[in-house]
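Text of entry-v1.cif (mmCIF, C-alpha atoms, pLDDT in the B column; chains and numbers go by the auth columns) as supplied:
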data_entry
loop_
_atom_site.group_PDB
_atom_site.id
_atom_site.type_symbol
_atom_site.label_atom_id
_atom_site.label_comp_id
_atom_site.label_asym_id
_atom_site.label_seq_id
_atom_site.Cartn_x
_atom_site.Cartn_y
_atom_site.Cartn_z
_atom_site.B_iso_or_equiv
_atom_site.auth_seq_id
_atom_site.auth_asym_id
ATOM 1 C CA MET A 1 -10.218 17.916 -4.639 56.00 1 A
ATOM 2 C CA VAL A 2 -9.505 14.347 -3.546 69.00 2 A
ATOM 3 C CA LEU A 3 -5.868 13.368 -3.748 83.00 3 A
ATOM 4 C CA SER A 4 -4.944 9.841 -4.759 95.00 4 A
ATOM 5 C CA PHE A 5 -1.861 7.660 -4.879 97.00 5 A
ATOM 6 C CA THR A 6 -0.428 7.699 -8.406 97.00 6 A
ATOM 7 C CA GLY A 7 2.739 6.667 -10.170 96.00 7 A
ATOM 8 C CA GLU A 8 5.551 4.228 -9.570 96.00 8 A
ATOM 9 C CA HIS A 9 8.482 5.161 -7.376 97.00 9 A
ATOM 10 C CA THR A 10 11.674 3.300 -6.482 96.00 10 A
ATOM 11 C CA GLN A 11 12.856 3.801 -2.909 95.00 11 A
ATOM 12 C CA LYS A 12 15.461 2.155 -0.710 94.00 12 A
ATOM 13 C CA VAL A 13 14.961 0.443 2.623 93.00 13 A
ATOM 14 C CA ASP A 14 17.983 0.035 4.900 93.00 14 A
ATOM 15 C CA GLY A 15 18.890 -2.761 7.302 91.00 15 A
ATOM 16 C CA LYS A 16 16.990 -1.031 10.124 92.00 16 A
ATOM 17 C CA GLY A 17 13.829 -0.825 8.015 92.00 17 A
ATOM 18 C CA ARG A 18 13.989 2.912 7.386 94.00 18 A
ATOM 19 C CA MET A 19 12.435 3.920 4.104 95.00 19 A
ATOM 20 C CA SER A 20 11.304 7.145 2.497 96.00 20 A
ATOM 21 C CA ILE A 21 7.681 7.493 1.459 96.00 21 A
ATOM 22 C CA PRO A 22 7.494 9.165 -1.996 96.00 22 A
ATOM 23 C CA ALA A 23 6.786 12.902 -1.610 94.00 23 A
ATOM 24 C CA ASP A 24 3.548 12.714 -3.641 94.00 24 A
ATOM 25 C CA PHE A 25 2.317 9.897 -1.419 97.00 25 A
ATOM 26 C CA ARG A 26 3.092 11.945 1.707 95.00 26 A
ATOM 27 C CA ARG A 27 0.694 14.682 0.562 94.00 27 A
ATOM 28 C CA VAL A 28 -2.061 12.064 0.190 97.00 28 A
ATOM 29 C CA LEU A 29 -1.276 10.630 3.635 97.00 29 A
ATOM 30 C CA GLU A 30 -1.478 14.120 5.156 96.00 30 A
ATOM 31 C CA ALA A 31 -4.821 14.833 3.463 95.00 31 A
ATOM 32 C CA GLY A 32 -6.160 11.459 4.616 96.00 32 A
ATOM 33 C CA ASP A 33 -5.160 11.811 8.283 96.00 33 A
ATOM 34 C CA PRO A 34 -7.856 13.664 10.246 95.00 34 A
ATOM 35 C CA GLU A 35 -5.386 14.503 13.042 93.00 35 A
ATOM 36 C CA TRP A 36 -2.662 15.874 10.753 93.00 36 A
ATOM 37 C CA THR A 37 -1.848 19.585 10.766 91.00 37 A
ATOM 38 C CA THR A 38 1.185 21.478 9.549 88.00 38 A
ATOM 39 C CA GLY A 39 4.171 20.545 11.682 86.00 39 A
ATOM 40 C CA LEU A 40 2.822 17.110 12.622 89.00 40 A
ATOM 41 C CA SER A 41 3.758 13.808 11.025 91.00 41 A
ATOM 42 C CA PRO A 42 1.080 11.995 9.031 96.00 42 A
ATOM 43 C CA ARG A 43 0.170 8.440 9.927 97.00 43 A
ATOM 44 C CA MET A 44 -0.595 5.537 7.616 97.00 44 A
ATOM 45 C CA TYR A 45 -1.673 1.919 7.792 98.00 45 A
ATOM 46 C CA LEU A 46 0.429 -0.867 6.341 97.00 46 A
ATOM 47 C CA LEU A 47 -1.447 -4.053 5.490 96.00 47 A
ATOM 48 C CA TYR A 48 0.523 -7.273 5.278 94.00 48 A
ATOM 49 C CA GLY A 49 -2.256 -9.882 5.259 89.00 49 A
ATOM 50 C CA ASP A 50 -1.652 -13.389 4.007 88.00 50 A
ATOM 51 C CA HIS A 51 -3.816 -12.639 0.947 91.00 51 A
ATOM 52 C CA LEU A 52 -1.277 -10.077 -0.306 93.00 52 A
ATOM 53 C CA LYS A 53 1.421 -12.663 -1.119 89.00 53 A
ATOM 54 C CA ASN A 54 4.543 -10.732 -2.291 92.00 54 A
ATOM 55 C CA GLN A 55 3.350 -7.195 -1.589 95.00 55 A
ATOM 56 C CA LEU A 56 2.143 -4.837 1.112 96.00 56 A
ATOM 57 C CA HIS A 57 -0.592 -2.204 0.902 97.00 57 A
ATOM 58 C CA GLY A 58 -0.448 1.324 2.289 97.00 58 A
ATOM 59 C CA TYR A 59 -3.611 3.235 3.231 98.00 59 A
ATOM 60 C CA THR A 60 -4.412 6.663 4.604 98.00 60 A
ATOM 61 C CA VAL A 61 -6.010 6.708 8.056 98.00 61 A
ATOM 62 C CA ASP A 62 -9.355 7.785 6.539 97.00 62 A
ATOM 63 C CA GLU A 63 -9.362 5.058 3.870 97.00 63 A
ATOM 64 C CA PHE A 64 -8.354 2.362 6.336 98.00 64 A
ATOM 65 C CA ASN A 65 -11.079 3.491 8.754 98.00 65 A
ATOM 66 C CA ALA A 66 -13.626 3.314 5.912 97.00 66 A
ATOM 67 C CA VAL A 67 -12.598 -0.294 5.170 97.00 67 A
ATOM 68 C CA VAL A 68 -12.792 -1.179 8.883 97.00 68 A
ATOM 69 C CA ALA A 69 -16.267 0.398 9.088 98.00 69 A
ATOM 70 C CA GLN A 70 -17.422 -1.815 6.199 98.00 70 A
ATOM 71 C CA ILE A 71 -16.049 -4.894 7.941 97.00 71 A
ATOM 72 C CA ASN A 72 -17.670 -3.879 11.248 97.00 72 A
ATOM 73 C CA ALA A 73 -21.023 -3.442 9.475 97.00 73 A
ATOM 74 C CA MET A 74 -21.036 -7.109 8.438 97.00 74 A
ATOM 75 C CA PRO A 75 -23.250 -9.492 10.438 96.00 75 A
ATOM 76 C CA ARG A 76 -21.807 -10.220 13.874 94.00 76 A
ATOM 77 C CA GLY A 77 -20.403 -13.721 14.108 93.00 77 A
ATOM 78 C CA SER A 78 -20.341 -14.326 10.347 96.00 78 A
ATOM 79 C CA ALA A 79 -17.450 -16.362 8.974 97.00 79 A
ATOM 80 C CA ASP A 80 -16.746 -13.710 6.322 96.00 80 A
ATOM 81 C CA LYS A 81 -16.531 -10.948 8.931 97.00 81 A
ATOM 82 C CA ARG A 82 -14.156 -13.032 11.013 97.00 82 A
ATOM 83 C CA LYS A 83 -11.915 -13.775 8.004 96.00 83 A
ATOM 84 C CA LEU A 84 -11.842 -10.169 6.811 96.00 84 A
ATOM 85 C CA SER A 85 -11.192 -8.935 10.353 97.00 85 A
ATOM 86 C CA ARG A 86 -8.202 -11.247 10.649 96.00 86 A
ATOM 87 C CA LEU A 87 -6.790 -10.467 7.182 95.00 87 A
ATOM 88 C CA ILE A 88 -7.320 -6.701 7.202 96.00 88 A
ATOM 89 C CA ILE A 89 -7.611 -5.455 10.776 97.00 89 A
ATOM 90 C CA GLY A 90 -5.487 -8.115 12.440 96.00 90 A
ATOM 91 C CA GLN A 91 -2.730 -8.046 9.832 96.00 91 A
ATOM 92 C CA SER A 92 -2.116 -4.307 9.659 97.00 92 A
ATOM 93 C CA ILE A 93 0.001 -1.831 11.560 96.00 93 A
ATOM 94 C CA LYS A 94 -0.136 1.923 11.997 97.00 94 A
ATOM 95 C CA LEU A 95 3.072 3.749 11.109 97.00 95 A
ATOM 96 C CA ASP A 96 4.141 7.350 11.684 96.00 96 A
ATOM 97 C CA VAL A 97 5.911 9.195 8.887 96.00 97 A
ATOM 98 C CA ASP A 98 8.578 11.528 10.284 93.00 98 A
ATOM 99 C CA LYS A 99 9.236 15.148 9.262 90.00 99 A
ATOM 100 C CA ASP A 100 11.693 13.933 6.604 91.00 100 A
ATOM 101 C CA GLY A 101 9.120 11.599 5.056 93.00 101 A
ATOM 102 C CA ARG A 102 10.568 8.393 6.459 95.00 102 A
ATOM 103 C CA THR A 103 9.005 5.545 8.342 96.00 103 A
ATOM 104 C CA VAL A 104 10.290 2.238 9.655 94.00 104 A
ATOM 105 C CA MET A 105 9.009 -0.986 8.141 92.00 105 A
ATOM 106 C CA PRO A 106 9.269 -3.761 10.739 92.00 106 A
ATOM 107 C CA ILE A 107 11.424 -6.799 9.961 90.00 107 A
ATOM 108 C CA LYS A 108 8.396 -9.130 9.706 90.00 108 A
ATOM 109 C CA GLN A 109 6.955 -7.098 6.843 91.00 109 A
ATOM 110 C CA ARG A 110 10.335 -6.764 5.096 90.00 110 A
ATOM 111 C CA GLN A 111 10.815 -10.522 5.346 89.00 111 A
ATOM 112 C CA LYS A 112 7.379 -11.040 3.772 89.00 112 A
ATOM 113 C CA LEU A 113 8.712 -9.163 0.734 90.00 113 A
ATOM 114 C CA GLY A 114 11.884 -11.250 0.760 88.00 114 A
ATOM 115 C CA LEU A 115 14.346 -8.553 1.752 84.00 115 A
ATOM 116 C CA THR A 116 15.871 -6.951 4.793 82.00 116 A
ATOM 117 C CA ASP A 117 17.327 -4.035 2.826 86.00 117 A
ATOM 118 C CA GLY A 118 17.412 -2.996 -0.821 92.00 118 A
ATOM 119 C CA GLU A 119 15.124 -1.427 -3.388 94.00 119 A
ATOM 120 C CA LEU A 120 11.354 -1.202 -3.155 95.00 120 A
ATOM 121 C CA THR A 121 8.786 -0.202 -5.738 96.00 121 A
ATOM 122 C CA PHE A 122 5.846 1.896 -4.560 97.00 122 A
ATOM 123 C CA SER A 123 2.920 1.668 -6.987 97.00 123 A
ATOM 124 C CA GLY A 124 -0.020 4.044 -6.612 97.00 124 A
ATOM 125 C CA LEU A 125 -3.484 2.561 -7.133 97.00 125 A
ATOM 126 C CA GLY A 126 -5.697 5.512 -6.290 96.00 126 A
ATOM 127 C CA ASP A 127 -7.150 4.786 -2.859 96.00 127 A
ATOM 128 C CA HIS A 128 -4.069 2.861 -1.685 97.00 128 A
ATOM 129 C CA PHE A 129 -0.571 1.943 -2.798 98.00 129 A
ATOM 130 C CA GLU A 130 1.414 -1.254 -3.104 97.00 130 A
ATOM 131 C CA ILE A 131 4.955 -1.849 -1.871 96.00 131 A
ATOM 132 C CA TRP A 132 6.962 -4.539 -3.634 96.00 132 A
ATOM 133 C CA LYS A 133 10.540 -5.743 -3.654 95.00 133 A
ATOM 134 C CA ALA A 134 11.692 -3.966 -6.843 94.00 134 A
ATOM 135 C CA GLU A 135 12.750 -7.094 -8.724 93.00 135 A
ATOM 136 C CA THR A 136 9.521 -8.931 -7.799 94.00 136 A
ATOM 137 C CA PHE A 137 7.488 -5.971 -9.072 94.00 137 A
ATOM 138 C CA SER A 138 9.346 -6.136 -12.395 91.00 138 A
ATOM 139 C CA LYS A 139 8.745 -9.864 -12.769 89.00 139 A
ATOM 140 C CA GLU A 140 5.155 -10.103 -11.555 90.00 140 A
ATOM 141 C CA VAL A 141 3.544 -6.776 -12.416 90.00 141 A
ATOM 142 C CA ALA A 142 5.489 -5.018 -15.152 83.00 142 A
ATOM 143 C CA ASP A 143 6.018 -8.195 -17.196 84.00 143 A
ATOM 144 C CA ASP A 144 2.353 -9.188 -16.753 88.00 144 A
ATOM 145 C CA LEU A 145 1.130 -5.784 -17.955 88.00 145 A
ATOM 146 C CA SER A 146 3.527 -5.809 -20.915 88.00 146 A
ATOM 147 C CA GLY A 147 2.318 -9.256 -21.957 88.00 147 A
ATOM 148 C CA TRP A 148 -1.333 -8.280 -21.618 91.00 148 A
ATOM 149 C CA LEU A 149 -0.849 -5.100 -23.645 90.00 149 A
ATOM 150 C CA ALA A 150 0.976 -7.054 -26.372 90.00 150 A
ATOM 151 C CA GLU A 151 -2.049 -9.384 -26.616 93.00 151 A
ATOM 152 C CA GLN A 152 -4.358 -6.403 -27.168 90.00 152 A
ATOM 153 C CA GLY A 153 -2.611 -5.263 -30.345 85.00 153 A
ATOM 154 C CA ASP A 154 -1.399 -1.909 -31.578 88.00 154 A
ATOM 155 C CA GLY A 155 -3.484 1.142 -30.781 88.00 155 A
ATOM 156 C CA TYR A 156 -5.378 -0.497 -27.912 88.00 156 A
ATOM 157 C CA ASP A 157 -6.705 2.025 -25.395 91.00 157 A
ATOM 158 C CA PRO A 158 -7.169 0.448 -21.943 90.00 158 A
ATOM 159 C CA LEU A 159 -9.608 3.235 -21.013 90.00 159 A
ATOM 160 C CA ILE A 160 -12.175 1.431 -23.166 89.00 160 A
ATOM 161 C CA LEU A 161 -12.611 -0.906 -20.180 90.00 161 A
ATOM 162 C CA LEU A 162 -14.322 1.981 -18.350 91.00 162 A
ATOM 163 C CA ASP A 163 -17.120 2.120 -20.924 77.00 163 A
ATOM 164 C CA GLY A 164 -18.369 -1.375 -20.192 63.00 164 A
#

Go through the file and emit its structure as structure tokens.
Amino acid sequence: MVLSFTGEHTQKVDGKGRMSIPADFRRVLEAGDPEWTTGLSPRMYLLYGDHLKNQLHGYTVDEFNAVVAQINAMPRGSADKRKLSRLIIGQSIKLDVDKDGRTVMPIKQRQKLGLTDGELTFSGLGDHFEIWKAETFSKEVADDLSGWLAEQGDGYDPLILLDG
């Protein structure tokens, strides 16, 4: 069975950047880290590329390596490969998650979100998760989804999009 990142979770980050990874997400990180075994801390990749605007993305080691392999398979010297390499590989960091499920988000990445401490929203998207400043998530994502659903009318089933 393949585990995936699901759900929305509110977590706190303190002034030193310490934050708890949601417990469900930790199980996915463990399953996606080829070097993880019981008693060891899982690792993860945090992407903060310029293309992400007001959010960060978290990946398992396996998923990040798969993305890097796709980038490396692109034609050597191509402009697209260079851009993707800079946005994805160059603007990511590997983090360790400690035995209590915490990691430290560096100040640069916290500043990108517009906070040094406060509440974060973790949003699972299957193969990766997003990290947002909680109030930004409410304004940009939750409000956008609510508006879109209201446009669809009563009884709309978004799973119909999978049939197309």

**Item:** Residues matched by the PyMOL selection byres ((chain A and resi 124-135) around 9) as a VMD selection string
**Value:** chain A and resid 3 to 11 25 54 to 60 63 110 113 to 115 118 to 123 136 to 140

Residue IDs satisfying the PyMOL selection byres ((chain A and resi 96-109) around 6), as a PDB file with C-alpha atoms, in the coordinates of the input:
ATOM      1  CA  GLY A  17      13.829  -0.825   8.015  1.00 92.00           C
ATOM      2  CA  ARG A  18      13.989   2.912   7.386  1.00 94.00           C
ATOM      3  CA  MET A  19      12.435   3.920   4.104  1.00 95.00           C
ATOM      4  CA  SER A  20      11.304   7.145   2.497  1.00 96.00           C
ATOM      5  CA  ILE A  21       7.681   7.493   1.459  1.00 96.00           C
ATOM      6  CA  SER A  41       3.758  13.808  11.025  1.00 91.00           C
ATOM      7  CA  PRO A  42       1.080  11.995   9.031  1.00 96.00           C
ATOM      8  CA  ARG A  43       0.170   8.440   9.927  1.00 97.00           C
ATOM      9  CA  LEU A  95       3.072   3.749  11.109  1.00 97.00           C
ATOM     10  CA  ARG A 110      10.335  -6.764   5.096  1.00 90.00           C
ATOM     11  CA  GLN A 111      10.815 -10.522   5.346  1.00 89.00           C
ATOM     12  CA  LYS A 112       7.379 -11.040   3.772  1.00 89.00           C
TER      13      LYS A 112
END

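Across A:Ile71, A:Val61, A:Leu161, A:Ala142, the tightest approach to A:Lys83 is made by A:Ile71 when counting only C-alpha atoms.
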
**Message:** Is it possible to get the residues within 9 Å of (-15.8, -6.1, 7.4) (coordinates as in the file, counting only C-alpha atoms) written as a list in words?
**Reply:** Val67, Val68, Ala69, Gln70, Ile71, Asn72, Ala73, Met74, Pro75, Asp80, Lys81, Arg82, Lys83, Leu84, Ser85, Ile88 and Ile89 of chain A

Store the residues picked out above, limited to C-alpha atoms, as a PDB file, in the frame of the given file.
ATOM      1  CA  VAL A  67     -12.598  -0.294   5.170  1.00 97.00           C
ATOM      2  CA  VAL A  68     -12.792  -1.179   8.883  1.00 97.00           C
ATOM      3  CA  ALA A  69     -16.267   0.398   9.088  1.00 98.00           C
ATOM      4  CA  GLN A  70     -17.422  -1.815   6.199  1.00 98.00           C
ATOM      5  CA  ILE A  71     -16.049  -4.894   7.941  1.00 97.00           C
ATOM      6  CA  ASN A  72     -17.670  -3.879  11.248  1.00 97.00           C
ATOM      7  CA  ALA A  73     -21.023  -3.442   9.475  1.00 97.00           C
ATOM      8  CA  MET A  74     -21.036  -7.109   8.438  1.00 97.00           C
ATOM      9  CA  PRO A  75     -23.250  -9.492  10.438  1.00 96.00           C
ATOM     10  CA  ASP A  80     -16.746 -13.710   6.322  1.00 96.00           C
ATOM     11  CA  LYS A  81     -16.531 -10.948   8.931  1.00 97.00           C
ATOM     12  CA  ARG A  82     -14.156 -13.032  11.013  1.00 97.00           C
ATOM     13  CA  LYS A  83     -11.915 -13.775   8.004  1.00 96.00           C
ATOM     14  CA  LEU A  84     -11.842 -10.169   6.811  1.00 96.00           C
ATOM     15  CA  SER A  85     -11.192  -8.935  10.353  1.00 97.00           C
ATOM     16  CA  ILE A  88      -7.320  -6.701   7.202  1.00 96.00           C
ATOM     17  CA  ILE A  89      -7.611  -5.455  10.776  1.00 97.00           C
TER      18      ILE A  89
END

**Request:** Tell me which residues the PyMOL selection byres ((chain A and resi 91) around 10) grabs here, as a ChimeraX atom specification.
**Result:** /A:46-50,84-90,92-93

**Complete:** Residue with the minimum atom-to-atom distance to A:Asn65, picked from A:His51, A:Gly32, A:Gly77, A:Asp154 with only C-alpha atoms counted, is A:Gly32

**Message:** Env of A:Asp117: 8 Å cut, atoms = only C-alpha atoms, seq-sep filter 3 positions within chain, self excluded. Answer as a PyMOL selection string.
**Reply:** chain A and resi 12-17+110

**Request:** Take atom CA of A:Leu162 and atom CA of A:Gly147 and report the distance between them in Å, one decimal.
**Result:**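 Interatomic distance, atom CA of A:Leu162 to atom CA of A:Gly147: 20.4 Å.
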
**Item:** Point-to-point distance in Å for atom CA of A:Glu35 and atom CA of A:Phe64
**Value:** 14.2 Å

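Atom pair atom CA of A:Val28 / atom CA of A:Ile160 has a distance of 27.6 Å (rounded to one decimal).
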
Box for stretch 143-158 of chain A - axis-aligned, 4 Å on each of the six sides, all listed atoms - centre and size in Å to one decimal, as AutoDock Vina command-line options.
--center_x -0.6 --center_y -3.7 --center_z -24.2 --size_x 21.2 --size_y 19.4 --size_z 22.8

Incomplete stretch 149-162 of chain A brought to N, CA, C and O atoms, written out as a compact mmCIF listing (two decimals), keeping the file's coordinate frame:
# COMPACT_ATOMS: atom_id res chain seq x y z
N LEU A 149 -0.75 -6.14 -22.62
CA LEU A 149 -0.85 -5.10 -23.64
C LEU A 149 -0.47 -5.63 -25.02
O LEU A 149 -1.09 -5.27 -26.03
N ALA A 150 0.56 -6.48 -25.10
CA ALA A 150 0.98 -7.05 -26.37
C ALA A 150 -0.15 -7.89 -26.98
O ALA A 150 -0.35 -7.88 -28.20
N GLU A 151 -0.91 -8.59 -26.14
CA GLU A 151 -2.05 -9.38 -26.62
C GLU A 151 -3.17 -8.52 -27.19
O GLU A 151 -3.94 -8.98 -28.03
N GLN A 152 -3.26 -7.27 -26.74
CA GLN A 152 -4.36 -6.40 -27.17
C GLN A 152 -4.13 -5.83 -28.56
O GLN A 152 -5.07 -5.38 -29.20
N GLY A 153 -2.91 -5.79 -29.02
CA GLY A 153 -2.61 -5.26 -30.34
C GLY A 153 -2.31 -3.77 -30.33
O GLY A 153 -2.56 -3.08 -29.35
N ASP A 154 -1.78 -3.31 -31.44
CA ASP A 154 -1.40 -1.91 -31.58
C ASP A 154 -2.61 -1.00 -31.49
O ASP A 154 -3.69 -1.33 -31.98
N GLY A 155 -2.42 0.14 -30.85
CA GLY A 155 -3.48 1.14 -30.78
C GLY A 155 -4.55 0.87 -29.74
O GLY A 155 -5.52 1.61 -29.65
N TYR A 156 -4.38 -0.18 -28.94
CA TYR A 156 -5.38 -0.50 -27.91
C TYR A 156 -5.37 0.58 -26.83
O TYR A 156 -4.32 0.99 -26.35
N ASP A 157 -6.55 1.03 -26.45
CA ASP A 157 -6.70 2.02 -25.40
C ASP A 157 -7.36 1.35 -24.19
O ASP A 157 -8.54 1.03 -24.24
N PRO A 158 -6.60 1.15 -23.10
CA PRO A 158 -7.17 0.45 -21.94
C PRO A 158 -8.34 1.20 -21.31
O PRO A 158 -9.13 0.60 -20.58
N LEU A 159 -8.48 2.49 -21.58
CA LEU A 159 -9.61 3.24 -21.01
C LEU A 159 -10.95 2.76 -21.55
O LEU A 159 -12.00 3.05 -20.97
N ILE A 160 -10.94 1.99 -22.63
CA ILE A 160 -12.18 1.43 -23.17
C ILE A 160 -12.85 0.51 -22.14
O ILE A 160 -14.06 0.33 -22.16
N LEU A 161 -12.06 -0.04 -21.23
CA LEU A 161 -12.61 -0.91 -20.18
C LEU A 161 -13.58 -0.14 -19.27
O LEU A 161 -14.45 -0.75 -18.65
N LEU A 162 -13.44 1.17 -19.19
CA LEU A 162 -14.32 1.98 -18.35
C LEU A 162 -15.70 2.15 -18.97
O LEU A 162 -16.66 2.46 -18.26
